[in-house]
Protein chains: 2
Amino acid sequence: MKYEYLTNIPLDKAKADYIAFLEAAGMSGRTERICVSQSLGRITACAVYAAVCAPHYNASAMDGIALEAKKTFGATETTPVRLQEGDFVRVDTGDPLPEGCDAVVMIEEVVETEGGIMLYSAAAPWQHIRQIGEDICAGDMILPSYTEISPAAMGAMLAGGVLELTVMAQPVVGILPTGDEIVPPTDSPKPGEVMEFNSTIFSGMLTLWGAKPRVFPILRDERETLESGILEAISECDALLIGAGTSAGRDDYTPALLKKLGEVLYHGIAIKPGKPAVLARIGSKPVLGVPGYPVSGIIVLEELFKPVVFKLLNKSLPEVPMLQAKISKRLNSSLKYREFTRARLCKNENGYTAVALNRGAGVVTSFVKADALIDLPQNSEGCEAGESVNVRLLRPLAGIESTLSIVGSHDPLLDEAADILRRENPAYSIASSHVGSMGGIMAVKRGEAKLAGVHLLDPETGKYNMSYVRRYFPEGDAVLIRCVGRVQGIMTHPGNPCNIKTFSDVAAVRYVNRQSGSGTRILCDYLMNKLDMDTAKLCGYTREEFTHTAVAAQIASGTADAGLGIYSAAKLYGLDFIPVCNEEYDLLIKRGSLDDALVQRFLEVLRGEEFKRRIDALGGYVLEAPGELRQM
Amino acid sequence: MKYEYLTNIPLDKAKADYIAFLEAAGMSGRTERICVSQSLGRITACAVYAAVCAPHYNASAMDGIALEAKKTFGATETTPVRLQEGDFVRVDTGDPLPEGCDAVVMIEEVVETEGGIMLYSAAAPWQHIRQIGEDICAGDMILPSYTEISPAAMGAMLAGGVLELTVMAQPVVGILPTGDEIVPPTDSPKPGEVMEFNSTIFSGMLTLWGAKPRVFPILRDERETLESGILEAISECDALLIGAGTSAGRDDYTPALLKKLGEVLYHGIAIKPGKPAVLARIGSKPVLGVPGYPVSGIIVLEELFKPVVFKLLNKSLPEVPMLQAKISKRLNSSLKYREFTRARLCKNENGYTAVALNRGAGVVTSFVKADALIDLPQNSEGCEAGESVNVRLLRPLAGIESTLSIVGSHDPLLDEAADILRRENPAYSIASSHVGSMGGIMAVKRGEAKLAGVHLLDPETGKYNMSYVRRYFPEGDAVLIRCVGRVQGIMTHPGNPCNIKTFSDVAAVRYVNRQSGSGTRILCDYLMNKLDMDTAKLCGYTREEFTHTAVAAQIASGTADAGLGIYSAAKLYGLDFIPVCNEEYDLLIKRGSLDDALVQRFLEVLRGEEFKRRIDALGGYVLEAPGELRQM
């Protein structure tokens with residue numbers, strides 16, 4: 001039952017070798033003839049020369065009169081020249097220069113008199129005339145080879161009488177999803193069915209790169225089916241991506257088949273995620289075996305297939321924008337692999353902090369949330385908190401800088417507030433990460449976030465938040481902003497079949513807990529302590545989820561019977577809810593950040609009518625002067 | 001015959017007022033429902049929430065066995081636990097967790113024995129399980145409103161069971177070209193016909209912004225035709241661009257018509273080019289009168305219509321990347337207008353130098369060549385050479401830095417060399433400007449270009465180039481690189497109807513000259529001086545063109561009879577050519593630039609076979625050790 005990858009090739013070597021391998025096999029981009037009007041964003045396959053001059057005739061560059069310059073010689077303020085109809089021709093901008101004329105006088109300088117006109121200055125020969133070829137001369141090179149066609153370039157070609165040109169054809173890239181467990185996207189998947197959305201992600205990436213994706217139906221993990229499917233697809237495409245159901249599972253025929261049908265360069269690249277990639281060819285066509293997890297797939301495509309697409313298009317790869325950032329927490333890394341970790345960036349007085357996101361290869365939302373990829377080299381054991389790391393930017397810095405980072409305790413109201421903020425000005429964003437109330441306090445302290453959602457019960461006083469702020473910010477440099485009051489309670493199955501009445505009843509059922517450091521976990525521990533409950537005897541005490549909705553989802557799925565959480569989460573999943581206590585959910589902020597324009601806008605959102613409306617719809621909240629500072 | 005614009009509104013005011021004017025009239029973007037798989041690059045119209053959890057079931061995260069963790073408790077290296085079939089279930093990654101199981105053990109840790117397996121360590125509950133909602137929980141917000149949809153976001157939506165979503169509709173923007181002189185693009189235009197390619201340029205710009213262009217047939221400049229054309233177009237579109245044939249000519253009905261059909265906010269903006277723009281609406285739909293010259297049109301669209309399109313899409317306008325650069329030459333500017341001038345950028349030891357390109361509003365190629373727009377504020381009289389100015393970047397700096405700038409004398413061989421260079425590596429470009437040999441020397445001296453093409457006859461010695469280098473670089477910090485020997489001669493009509501035999505014969509015909517400072521002009525002056533010809537008596541001596549092909553084009557069009565130029569230009573236009581002399585066309589470079597990697601690549605191109613092949617095809621050149629340094 002053991003399986004090993006054949007190779008563990010460093011990424012840069014794999015990239016370079018793959019292109020060389022494909023070129024040695026005769027890979028090259030196709031070209032095609034298209035209309036200039038359809039050529040936006042395409043790449044010239046060869047130089048484009050003007051067929052005609054632009055302008056193609058000598059044209060008046062002004063509204064006015066055309067004449068022979070000689071006739072105006074000697075005209076001054078004191079010795080005007082008088083001309084009669086016949087000596088000149090009235091012209092508009094763009095009119096051809098009439099026969100015998102070699103100058104244009106602007107209408108503003110023409111004084112009408114009876115039976116003719118007066119000019120008070122002499123015209124220079126060829127003045128105010130757009131001469132033939134002022135813009136382009138026939139035979140001039142308009143665009144060199146391998147140039148991306150801009151709107152202005154389309155105009156320049158048409159101006160030069162070029163109506164058609166030869167461009168690099170968009171490579172048709174086949175995407176072949178495989179796997180017995182794979183089903184097309186659906187809103188009602190059955191257990192064991194894995195939705196196939198990688199082909200949609202890959203199609204998007206290919207489209208952005210200038211290729212034409214073509215998605216084939218899902219193939220079952222049977223040798224003959226795969227073989228005939230691959231052969232059919234490759235005959236209709238310029239390149240092929242084969243999505244593997246699993247990386248090295250029992251049914252992984254891809255590498256063996258590619259060895260039979262073509263040639264495999266490497267199976268196994270020294271990157272994480274993404275190591276099981278297969279770099280191969282069939283004939284001179286590139287064929288890539290792509291790991292099944294979406295994050296692995298995205299990284300493998302970006303690193304190993306994008307250069308191939310750009311080569312087929314004769315485009316130069318744009319430089320990857322890099323940045324130095326300090327990492328917020330120790331990041332482990334294997335000596336064996338170069339590791340890419342998705343991260344949020346937060347700007348603070350010391351530059352940028354990179355906060356690593358969920359490293360799970362299946363967590364596609366992490367790519368939606370990520371600002372950057374932390375790039376840890378092979379032969380590194382990881383980085384300590386505060387160490388500088390190289391990160392690759394995934395979106396423009398300007399966007400990152402107009403993003404308000406809110407960490408700490410999870411509450412869906414943060415997403416609602418983010419949505420309201422964007423609807424008022426789409427330049428602004430809120431990035432919220434759920435690290436629990438304690439995690440939020442530390443993140444604000446370290447400058448990794450502007451705000452933190454906190455609901456921390458002080459077991460000694462039975463009060464919320466204030467004592468924590470005093471403890472962690474003894475110099476008084478942080479304050480609390482009121483957000484909401486909310487009801488915490490026990491979520492359980494609809495109809496309460498386990499008959500839970502108070503918190504002590506959870507001891508008799510399968511519980512699902514929150515992660516330590518979260519306000520809800522602290523509440524759980526406080527309640528258990530008060531009731532003298534033994535954590536070792538609570539079934540599921542060590543089973544931790546990170547959000548209220550995740551706890552609700554586990555209960556709704558039947559794998560647990562009860563968990564602490566807020567009313568809105570229970571409502572969302574149709575669960576029963578037994579209220580336990582009211583708590584204060586506040587926002588922690590450093591005093592120095594209060595004047596930040598984006599923070600101010602956010603506080604206005606909290607104070608607004610739309611926020612109240614949405615909070616009411618979620619249910620289980622009490623609003624009391626949201627957005628106002630608490631007396632410290 | 002006098003015409004004045006109604007208004008001269010500062011650009012920033014015009015922009016802000018126009019959006020406010022349109023919003024007050026009720027302008028807002030439409031929304032539509034589309035499939036997630038078709039949503040790449042679109043903008044969410046409202047927040048998107050997950051319909052199902054992802055994963056939607058507890059799934060094995062590894063290939064291995066699933067079991068109840070309890071059964072493994074106590075297993076160590078010395079006290080392994082033995083399990084029989086029935087105690088565990090074999091699972092692959094992605095398989096649903098079987099009933100009764102709460103942990104997965106990796107296949108690598110499973111030791112097969114007869115009738116069962118051995119485990120040497122205990123499993124923790126919920127280990128190696130992708131729990132329900134690990135990625136997304138049902139009800140979680142996946143994307144807030146007004147978010148551009150990336151490939152990963154498409155994947156996240158599908159993972160969350162969202163198959164359809166509401167996005168901002170792409171605004172349909174009608175483009176209505178008008179004018180009696182306007183014809184569709186053609187490769188054989190007649191004099192007086194102006195090719196209509198603005199709609200192609202505008203369509204490209206609109207497409208890049210996310211709008212849907214719709215080009216209507218060209219309308220004649222007749223009041224009724226225009227009126228019914230505008231009404232028909234606006235009924236089918238979300239916004240309208242009306243391309244004016246002329247800005248303020250006799251037949252400009254647009255502003256008057258828009259006043260009748262809707263409301264005109266401003267006619268006349270304080271920018272150059274672009275001042276005759278008309279900002280209007282019909283109902284709540286934006287209608288923009290766009291000046292007819294392509295460069296004016298591009299600037300008006302970028303400045304005044306892009307914000308409207310982005311508003312209709314609820315997209316935030318990206319920040320314009322700015323840079324400080326020193327300008328190479330005095331740039332005049334009117335106090336009345338904010339002026340945008342296209343420029344090339346050249347990086348040197350002092351930062352960036354901006355070299356203004358042709359300011360003609362009809363010169364669309366200038367936008368193809370431009371790296372940046374110099375933005376001179378209103379109330380400025382211009383800038384002196386060497387002064388720092390704000391420039392807007394039109395392409396990424398990385399591309400500008402991998403561009404070799406070559407100025408000086410015009411020769412098509414530079415374009416051919418540029419093309420060869422790009423075909424070898426599309427990351428490299430050559431930007432060549434034609435400023436004459438003397439202009440080239442000065443540009444290299446001032447650091448505005450790396451190389452200059454020169455062919456300068458020393459009238460005293462009758463030799464080429466060397467004495468100029470010694471004079472302008474007395475410290476020996478510049479050298480000459482051999483490029484080509486070429487034949488200069490008199491270009492004249494086919495069959496030589498003017499019977500030109502030697503240079504003195506041009507005195508009897510219509511001559512067309514080159515600009516002063518060009519090597520060919522210096523040759524002309526040298527020849528006239530040697531022959532004692534009177535420049536005042538040479539018809540056309542003051543008529544200056546900037547390139548060999550432009551001189552050839554004038555002769556070919558019949559507006560001149562003779563001009564000095566190189567053989568390849570005469571050949572291109574089918575002209576007769578009477579050789580006058582052989583000259584040395586060299587490339588001037590500062591010694592310090594010789595080691596530049598891009599310069600080295602360029603010299604290799606000059607030495608290569610492909611360059612020789614192309615030069616032979618152009619005709620009239622002699623190659624003698626091209627790419628080698630001349631002995632100074």
# chains A, B, ... in the order shown; residues from 1 in each chain; ligands from 1
call {"tool": "residues_around", "arguments": {"residues": "Ser433 of chain A", "least_positions_apart": "3", "cutoff": "12 Å", "atoms": "only C-alpha atoms", "output": "JSON, numbers by chain"}}
result
{"A": [343, 344, 345, 346, 355, 356, 357, 358, 365, 366, 369, 370, 404, 405, 406, 407, 408, 409, 410, 411, 412, 414, 415, 430, 436, 437, 439, 440, 443, 448, 449, 450, 451, 452, 453, 546, 547]}
call {"tool": "write_last_selection", "arguments": {"atoms": "C-alpha atoms", "output": "CSV table (one decimal), in the first residue's frame"}}
result
chain,number,residue,atom,x,y,z
A,343,ALA,CA,-1.4,35.1,3.3
A,344,ARG,CA,-3.2,38.3,4.2
A,345,LEU,CA,-1.0,41.4,4.3
A,346,CYS,CA,-1.5,44.2,6.8
A,355,VAL,CA,-0.6,36.6,8.2
A,356,ALA,CA,-0.7,33.0,7.0
A,357,LEU,CA,-4.1,31.7,6.0
A,358,ASN,CA,-5.3,28.1,6.2
A,365,THR,CA,-11.5,30.3,-0.2
A,366,SER,CA,-8.0,31.0,1.1
A,369,LYS,CA,-8.9,36.0,0.8
A,370,ALA,CA,-5.2,36.0,0.0
A,404,LEU,CA,-9.4,47.3,6.8
A,405,SER,CA,-8.1,44.3,8.6
A,406,ILE,CA,-10.3,43.0,11.4
A,407,VAL,CA,-9.3,39.8,13.2
A,408,GLY,CA,-10.4,38.1,16.4
A,409,SER,CA,-13.7,36.6,17.2
A,410,HIS,CA,-16.0,35.4,14.4
A,411,ASP,CA,-19.3,37.1,13.8
A,412,PRO,CA,-21.2,37.2,10.6
A,414,LEU,CA,-18.4,41.7,10.2
A,415,ASP,CA,-19.2,40.4,6.7
A,430,ILE,CA,-12.6,44.6,5.0
A,436,GLY,CA,-10.7,34.0,18.4
A,437,SER,CA,-10.9,36.9,20.8
A,439,GLY,CA,-5.9,35.9,19.0
A,440,GLY,CA,-7.5,39.2,18.0
A,443,ALA,CA,-2.9,40.6,16.5
A,448,GLU,CA,-1.2,42.7,12.3
A,449,ALA,CA,-4.7,44.1,12.2
A,450,LYS,CA,-6.4,47.5,12.9
A,451,LEU,CA,-9.4,46.1,14.8
A,452,ALA,CA,-10.3,42.9,16.7
A,453,GLY,CA,-13.7,41.6,17.5
A,546,PHE,CA,-13.2,27.8,14.4
A,547,THR,CA,-16.5,29.6,13.8
call {"tool": "select_by_dssp", "arguments": {"residues": "segment 390-435 of chain B", "states": "strand (DSSP E or B)", "output": "PyMOL selection string"}}
result
chain B and resi 390-393+403-408+429-432
call {"tool": "residues_around", "arguments": {"residues": "segment 377-393 of chain A", "least_positions_apart": "4", "cutoff": "10 Å", "atoms": "only C-alpha atoms", "output": "PDB file with C-alpha atoms, in the first residue's frame"}}
result
ATOM      1  CA  PRO A  10      13.415  21.801  -7.590  1.00  0.00           C
ATOM      2  CA  LEU A  11      10.807  24.113  -9.094  1.00  0.00           C
ATOM      3  CA  ALA A 270       9.702  19.834  -4.871  1.00  0.00           C
ATOM      4  CA  ILE A 271       6.852  22.202  -4.043  1.00  0.00           C
ATOM      5  CA  LYS A 272       4.096  22.181  -1.486  1.00  0.00           C
ATOM      6  CA  VAL A 320       5.999  38.664 -10.336  1.00  0.00           C
ATOM      7  CA  PRO A 321       5.572  41.615  -7.992  1.00  0.00           C
ATOM      8  CA  MET A 322       7.448  40.795  -4.780  1.00  0.00           C
ATOM      9  CA  LEU A 323       7.486  42.368  -1.347  1.00  0.00           C
ATOM     10  CA  GLN A 324       9.264  41.837   1.942  1.00  0.00           C
ATOM     11  CA  ALA A 325       6.923  41.229   4.854  1.00  0.00           C
ATOM     12  CA  LYS A 326       7.293  40.098   8.440  1.00  0.00           C
ATOM     13  CA  ILE A 327       5.414  36.929   9.268  1.00  0.00           C
ATOM     14  CA  SER A 328       3.028  37.050  12.178  1.00  0.00           C
ATOM     15  CA  LYS A 329       3.532  33.524  13.499  1.00  0.00           C
ATOM     16  CA  ARG A 330       6.110  30.799  13.222  1.00  0.00           C
ATOM     17  CA  LEU A 331       5.660  29.022   9.906  1.00  0.00           C
ATOM     18  CA  ASN A 332       6.914  25.460   9.672  1.00  0.00           C
ATOM     19  CA  SER A 333       8.297  24.239   6.418  1.00  0.00           C
ATOM     20  CA  SER A 334       9.684  20.975   5.165  1.00  0.00           C
ATOM     21  CA  LEU A 335      13.335  20.866   4.144  1.00  0.00           C
ATOM     22  CA  LYS A 336      12.261  18.838   1.152  1.00  0.00           C
ATOM     23  CA  TYR A 337       9.897  21.328  -0.512  1.00  0.00           C
ATOM     24  CA  ARG A 338       9.628  24.912  -1.549  1.00  0.00           C
ATOM     25  CA  GLU A 339       6.421  25.972   0.194  1.00  0.00           C
ATOM     26  CA  PHE A 340       3.818  28.474  -0.899  1.00  0.00           C
ATOM     27  CA  THR A 341       1.487  29.710   1.807  1.00  0.00           C
ATOM     28  CA  ARG A 342      -1.423  32.032   1.153  1.00  0.00           C
ATOM     29  CA  ALA A 343      -1.386  35.096   3.348  1.00  0.00           C
ATOM     30  CA  ARG A 344      -3.163  38.305   4.167  1.00  0.00           C
ATOM     31  CA  LEU A 345      -1.044  41.429   4.271  1.00  0.00           C
ATOM     32  CA  TYR A 352       3.889  44.858   5.998  1.00  0.00           C
ATOM     33  CA  THR A 353       2.955  41.877   8.132  1.00  0.00           C
ATOM     34  CA  ALA A 354       1.992  38.636   6.390  1.00  0.00           C
ATOM     35  CA  ALA A 370      -5.189  35.966   0.020  1.00  0.00           C
ATOM     36  CA  ASP A 371      -3.255  39.129  -0.757  1.00  0.00           C
ATOM     37  CA  ALA A 372      -0.004  37.313  -1.229  1.00  0.00           C
ATOM     38  CA  LEU A 373       1.837  34.006  -1.317  1.00  0.00           C
ATOM     39  CA  LEU A 397      -0.784  47.092  -3.173  1.00  0.00           C
ATOM     40  CA  ILE A 400      -4.385  46.042   0.051  1.00  0.00           C
ATOM     41  CA  ARG A 446       1.492  43.242  17.142  1.00  0.00           C
TER      42      ARG A 446
END
call {"tool": "closest_residue", "arguments": {"among": "A:Ala431, A:Leu531, A:Ala14, A:Val295", "to": "Pro151 of chain B", "atoms": "only C-alpha atoms"}}
result
A:Val295
call {"tool": "atom_distance", "arguments": {"atom1": "atom CA of Thr166 of chain A", "atom2": "atom CA of Gly41 of chain A"}}
result
13.2 Å
call {"tool": "residues_around", "arguments": {"residues": "segment 113-115 of chain B", "least_positions_apart": "4", "cutoff": "10 Å", "atoms": "only C-alpha atoms", "output": "MDAnalysis selection string"}}
result
chainID B and resid 82:85
call {"tool": "write_last_selection", "arguments": {"atoms": "N, CA and C atoms", "output": "PDB file, in the first residue's frame"}}
result
ATOM      1  N   ARG B  82      -3.468  -4.263  17.514  1.00  0.00           N
ATOM      2  CA  ARG B  82      -3.792  -5.086  16.351  1.00  0.00           C
ATOM      3  C   ARG B  82      -5.291  -4.950  16.067  1.00  0.00           C
ATOM      4  N   LEU B  83      -5.598  -4.677  14.810  1.00  0.00           N
ATOM      5  CA  LEU B  83      -7.016  -4.533  14.440  1.00  0.00           C
ATOM      6  C   LEU B  83      -7.334  -5.510  13.309  1.00  0.00           C
ATOM      7  N   GLN B  84      -8.579  -5.998  13.322  1.00  0.00           N
ATOM      8  CA  GLN B  84      -9.004  -6.931  12.271  1.00  0.00           C
ATOM      9  C   GLN B  84      -9.930  -6.222  11.287  1.00  0.00           C
ATOM     10  N   GLU B  85     -10.018  -6.797  10.077  1.00  0.00           N
ATOM     11  CA  GLU B  85     -11.008  -6.280   9.118  1.00  0.00           C
ATOM     12  C   GLU B  85     -12.337  -6.210   9.866  1.00  0.00           C
TER      13      GLU B  85
END
call {"tool": "select_by_dssp", "arguments": {"residues": "segment 156-336 of chain B", "states": "alpha helix (DSSP H)", "output": "ChimeraX atom specification"}}
result
/B:156-159,198-209,223-236,254-261,294-300,306-313
call {"tool": "closest_residue", "arguments": {"among": "A:Leu618, A:Ile230, A:Val506, A:Val173", "to": "chain B", "atoms": "only C-alpha atoms"}}
result
A:Leu618
